[in-house]
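Shown here: work_0.csv, CSV, C-alpha atoms.
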chain,number,residue,atom,x,y,z
I,1,MET,CA,9.8,53.6,67.5
I,2,ALA,CA,9.8,56.2,64.8
I,3,GLY,CA,8.6,55.1,61.4
I,4,LEU,CA,10.8,54.6,58.3
I,5,GLU,CA,10.2,56.8,55.3
I,6,GLY,CA,10.3,55.7,51.7
I,7,VAL,CA,8.6,56.1,48.3
I,8,GLU,CA,5.8,53.8,47.5
I,9,GLU,CA,4.9,52.4,44.1
I,10,PRO,CA,1.3,52.3,43.0
I,11,ARG,CA,-0.5,49.3,44.5
I,12,GLN,CA,-1.7,46.7,41.9
I,13,GLN,CA,-4.7,44.5,42.5
I,14,GLY,CA,-3.9,42.0,45.2
I,15,GLN,CA,-0.3,43.1,45.9
I,16,ALA,CA,1.1,44.6,49.0
I,17,THR,CA,3.0,47.9,48.8
I,18,ALA,CA,6.6,48.1,50.1
I,19,ALA,CA,8.6,51.2,50.8
I,20,ARG,CA,11.8,51.4,48.7
I,21,TRP,CA,14.8,53.7,48.7
I,22,VAL,CA,15.1,56.0,45.7
I,23,PRO,CA,18.6,57.4,45.7
I,24,ALA,CA,18.0,60.6,43.6
I,25,VAL,CA,15.0,61.6,45.7
I,26,ASP,CA,16.7,60.7,49.1
I,27,ASP,CA,20.0,62.4,48.1
I,28,GLU,CA,18.1,65.6,47.1
I,29,ARG,CA,16.1,65.6,50.4
I,30,ALA,CA,19.3,64.9,52.4
I,31,GLN,CA,21.1,67.8,50.8
I,32,GLN,CA,18.1,70.1,51.4
I,33,THR,CA,18.0,69.0,55.1
I,34,LEU,CA,21.7,69.6,55.4
I,35,GLU,CA,21.3,73.1,53.9
I,36,LEU,CA,18.3,73.9,56.1
I,37,PHE,CA,19.6,72.7,59.5
I,38,GLY,CA,23.4,72.6,59.1
I,39,ASN,CA,26.0,69.9,59.3
I,40,PRO,CA,26.0,68.0,62.7
I,41,THR,CA,29.7,67.3,62.3
I,42,GLU,CA,30.5,71.0,62.4
I,43,GLY,CA,28.5,71.7,65.6
I,44,GLU,CA,25.2,70.9,67.2
I,45,VAL,CA,22.2,71.1,64.9
I,46,ARG,CA,19.0,72.2,66.6
I,47,LEU,CA,15.8,70.6,65.4
I,48,PRO,CA,12.2,71.3,66.4
I,49,SER,CA,10.8,68.7,68.8
I,50,ARG,CA,8.2,67.4,66.5
I,51,PRO,CA,7.7,63.9,65.1
I,52,GLU,CA,8.8,64.9,61.5
I,53,SER,CA,12.2,65.9,62.9
I,54,ALA,CA,13.0,62.2,63.2
I,55,GLY,CA,13.0,62.1,59.4
I,56,HIS,CA,15.3,65.2,59.3
I,57,ALA,CA,17.7,63.5,61.8
I,58,ARG,CA,17.7,60.3,59.7
I,59,ARG,CA,18.5,62.1,56.5
I,60,LEU,CA,21.3,64.1,58.2
I,61,THR,CA,22.7,60.9,59.6
I,62,GLN,CA,22.6,59.1,56.3
I,63,CYS,CA,24.2,62.0,54.5
I,64,VAL,CA,27.1,62.3,57.0
I,65,VAL,CA,27.7,58.6,57.7
I,66,GLN,CA,27.4,57.3,54.1
I,67,ARG,CA,28.4,60.2,51.9
I,68,GLN,CA,30.7,62.4,54.0
I,69,TRP,CA,32.4,59.7,56.1
I,70,GLY,CA,32.1,57.0,53.4
I,71,LEU,CA,31.2,54.2,55.9
I,72,SER,CA,29.5,50.9,55.0
I,73,PRO,CA,25.8,50.5,54.2
I,74,GLN,CA,25.3,48.4,57.4
I,75,VAL,CA,26.9,51.1,59.7
I,76,THR,CA,24.8,53.7,57.9
I,77,GLU,CA,21.6,51.6,58.4
I,78,PHE,CA,22.3,51.0,62.1
I,79,ALA,CA,23.3,54.7,62.8
I,80,VAL,CA,20.1,55.9,61.1
I,81,LEU,CA,17.9,53.5,63.1
I,82,LEU,CA,19.6,54.4,66.4
I,83,VAL,CA,19.3,58.2,65.7
I,84,SER,CA,15.7,57.7,65.0
I,85,GLU,CA,15.2,56.0,68.4
I,86,LEU,CA,17.1,58.6,70.4
I,87,VAL,CA,15.2,61.4,68.6
I,88,GLY,CA,11.9,59.6,69.1
I,89,ASN,CA,12.6,59.5,72.9
I,90,ALA,CA,13.6,63.2,73.0
I,91,VAL,CA,10.4,64.2,71.1
I,92,ARG,CA,8.0,61.9,73.0
I,93,HIS,CA,9.3,62.0,76.6
I,94,THR,CA,11.0,65.3,77.3
I,95,GLY,CA,8.5,68.1,76.6
I,96,ALA,CA,11.3,70.0,74.8
I,97,ARG,CA,10.7,72.6,72.1
I,98,VAL,CA,14.0,71.8,70.4
I,99,PHE,CA,16.7,69.1,70.7
I,100,GLY,CA,20.3,69.0,69.4
I,101,LEU,CA,22.0,66.5,67.1
I,102,LYS,CA,25.8,66.2,66.9
I,103,MET,CA,28.0,63.7,65.2
I,104,LEU,CA,31.7,63.0,65.9
I,105,ARG,CA,34.2,60.8,64.3
I,106,ARG,CA,37.6,59.7,65.5
I,107,ARG,CA,39.8,56.9,64.3
I,108,GLY,CA,37.9,53.6,64.5
I,109,TRP,CA,34.7,55.2,66.1
I,110,ILE,CA,31.7,57.3,65.4
I,111,ARG,CA,29.7,59.0,68.1
I,112,ILE,CA,26.2,60.4,67.7
I,113,GLU,CA,24.6,62.6,70.4
I,114,VAL,CA,21.1,63.9,71.0
I,115,ARG,CA,20.8,66.7,73.6
I,116,ASP,CA,17.5,67.8,75.2
I,117,PRO,CA,16.6,70.0,78.1
I,118,SER,CA,15.2,67.3,80.3
I,119,ARG,CA,17.2,65.8,83.1
I,120,GLY,CA,15.0,62.7,83.2
I,121,LEU,CA,17.1,59.6,82.5
I,122,PRO,CA,16.1,57.1,79.8
I,123,CYS,CA,15.4,53.7,81.1
I,124,LEU,CA,16.4,50.4,79.4
I,125,MET,CA,13.4,48.2,79.8
I,126,PRO,CA,13.1,44.4,79.2
I,127,VAL,CA,11.6,43.7,75.8
I,128,HIS,CA,9.2,40.9,75.1
I,129,GLU,CA,8.5,39.3,71.7
I,130,LEU,CA,5.0,40.8,71.3
I,131,ASP,CA,5.8,44.3,72.6
I,132,VAL,CA,4.8,47.0,70.1
I,133,SER,CA,6.7,49.9,71.7
I,134,GLY,CA,9.5,50.4,74.2
I,135,ARG,CA,12.2,48.8,72.0
I,136,GLY,CA,14.2,52.0,71.4
I,137,LEU,CA,16.9,51.8,74.0
I,138,PHE,CA,17.0,48.0,73.6
I,139,LEU,CA,18.0,48.5,70.0
I,140,VAL,CA,20.5,51.2,71.0
I,141,ASP,CA,22.0,48.7,73.5
I,142,LYS,CA,22.2,45.8,71.0
I,143,LEU,CA,23.4,47.6,67.9
I,144,SER,CA,25.9,50.1,69.3
I,145,ASP,CA,29.2,49.3,71.0
I,146,ARG,CA,28.6,51.8,73.8
I,147,TRP,CA,25.9,54.2,74.8
I,148,GLY,CA,25.1,56.4,77.7
I,149,VAL,CA,23.7,59.6,79.1
I,150,ASP,CA,25.7,62.7,80.2
I,151,LEU,CA,23.8,64.9,82.6
I,152,LEU,CA,24.3,68.6,81.9
I,153,PRO,CA,23.4,71.6,84.1
I,154,ARG,CA,20.3,72.0,82.0
I,155,GLY,CA,19.3,68.8,80.4
I,156,LYS,CA,21.2,65.7,79.2
I,157,THR,CA,23.0,64.3,76.2
I,158,THR,CA,22.1,60.7,75.2
I,159,TRP,CA,24.7,59.2,72.9
I,160,PHE,CA,25.9,56.0,71.3
I,161,GLU,CA,29.2,55.0,69.7
I,162,MET,CA,29.9,52.4,67.1
I,163,ARG,CA,33.3,50.9,66.0
I,164,VAL,CA,33.9,51.5,62.3
I,165,VAL,CA,36.5,50.3,59.8
I,166,ASP,CA,38.5,53.3,58.5
I,167,ARG,CA,39.0,52.8,54.8
I,168,GLU,CA,41.8,54.3,52.8
I,169,ARG,CA,40.3,56.9,50.5

Can you present the structure in this file as structure tokens?
Amino acid sequence: MAGLEGVEEPRQQGQATAARWVPAVDDERAQQTLELFGNPTEGEVRLPSRPESAGHARRLTQCVVQRQWGLSPQVTEFAVLLVSELVGNAVRHTGARVFGLKMLRRRGWIRIEVRDPSRGLPCLMPVHELDVSGRGLFLVDKLSDRWGVDLLPRGKTTWFEMRVVDRER
């Protein structure tokens, strides 16, 4: 499972350090990521298949779901987590040099897709309490309303969909 990012406060004697969200810093980084890679709602964004790209994908997702689409913090949190899992799988298991991220919205639903050049299908494995890895698709299965894989002539698209409440703006 890809790690979560945050800003840490200096550690005081005998206290644990916890990551916390700093809106000004995260908003600036999200805007920089959007400018660098593009908007995944306007077409597929291609990201390098490296571990740090999970952070880029999370920032893009947060920027779109929360700021552009104006959806709830819980929907944003789940979408960011699930994108991180799909990107982690694409980076770790496909041998790809790049992967694509695309985000779609229609009334009552959002859909997020990660495309890679491998035709190897992801496998939903049973998860046990003490497992330290292999929970990615389990989380996608539990937190999304639908998910699946579309085989392409060269690769696949792994996607999930979530029902959302459309608010009046």

Exercise for the section: Could you please give me, as a ChimeraX atom specification, the residues of protein, DNA or RNA lying at most 10 Å from (26.1, 48.1, 69.6) in the coordinate frame of the file, considering only C-alpha atoms? Expected result: /I:78-79,82,138-147,160-163

Exercise for the section: Please work out which residues fall within 12 Å of (35.1, 53.4, 51.0), coordinates as given in the file, with all atoms listed in the file counting, and return them as a PyMOL selection string. Expected result: chain I and resi 65-73+164-169

Take the residues from that selection and put them in a file with C-alpha atoms, as a tab-separated table (two decimals), in the frame of the given file.
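Output contents, as saved in part07.tsv:
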chain	number	residue	atom	x	y	z
I	65	VAL	CA	27.70	58.60	57.70
I	66	GLN	CA	27.40	57.30	54.10
I	67	ARG	CA	28.40	60.20	51.90
I	68	GLN	CA	30.70	62.40	54.00
I	69	TRP	CA	32.40	59.70	56.10
I	70	GLY	CA	32.10	57.00	53.40
I	71	LEU	CA	31.20	54.20	55.90
I	72	SER	CA	29.50	50.90	55.00
I	73	PRO	CA	25.80	50.50	54.20
I	164	VAL	CA	33.90	51.50	62.30
I	165	VAL	CA	36.50	50.30	59.80
I	166	ASP	CA	38.50	53.30	58.50
I	167	ARG	CA	39.00	52.80	54.80
I	168	GLU	CA	41.80	54.30	52.80
I	169	ARG	CA	40.30	56.90	50.50

Problem - Contact residues around region 48-53 of chain I with all atoms listed in the file at 9 Å, ignoring same-chain residues under 6 positions, as a PyMOL selection string - result: chain I and resi 2+87-88+90-92+95-100

Exercise for the section: Give me, please, the distance in Å between CA of His93 (chain I) and CA of Ile112 (chain I), quoted to one decimal. Expected result: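 A separation of 19.2 Å between them.
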
Handout entry: Selected residue of minimal separation from Arg119 (chain I) among I:Ala30, I:Val80, I:Leu152, I:Val75, counting all atoms listed in the file
Key = I:Leu152

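With all atoms listed in the file as the atoms that count, the minimum distance from Asn89 (chain I) to the choices I:Gly155, I:Gln32, I:Met125, I:Gly136 is reached by I:Gly136.
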
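In terms of minimum interatomic distance to Leu104 (chain I), I:Thr41 ranks closest within I:Thr158, I:Ser84, I:Gln31, I:Thr41, counting only C-alpha atoms.
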
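Note that CA of Leu151 (chain I) and CA of Arg58 (chain I) are 24.1 Å apart.
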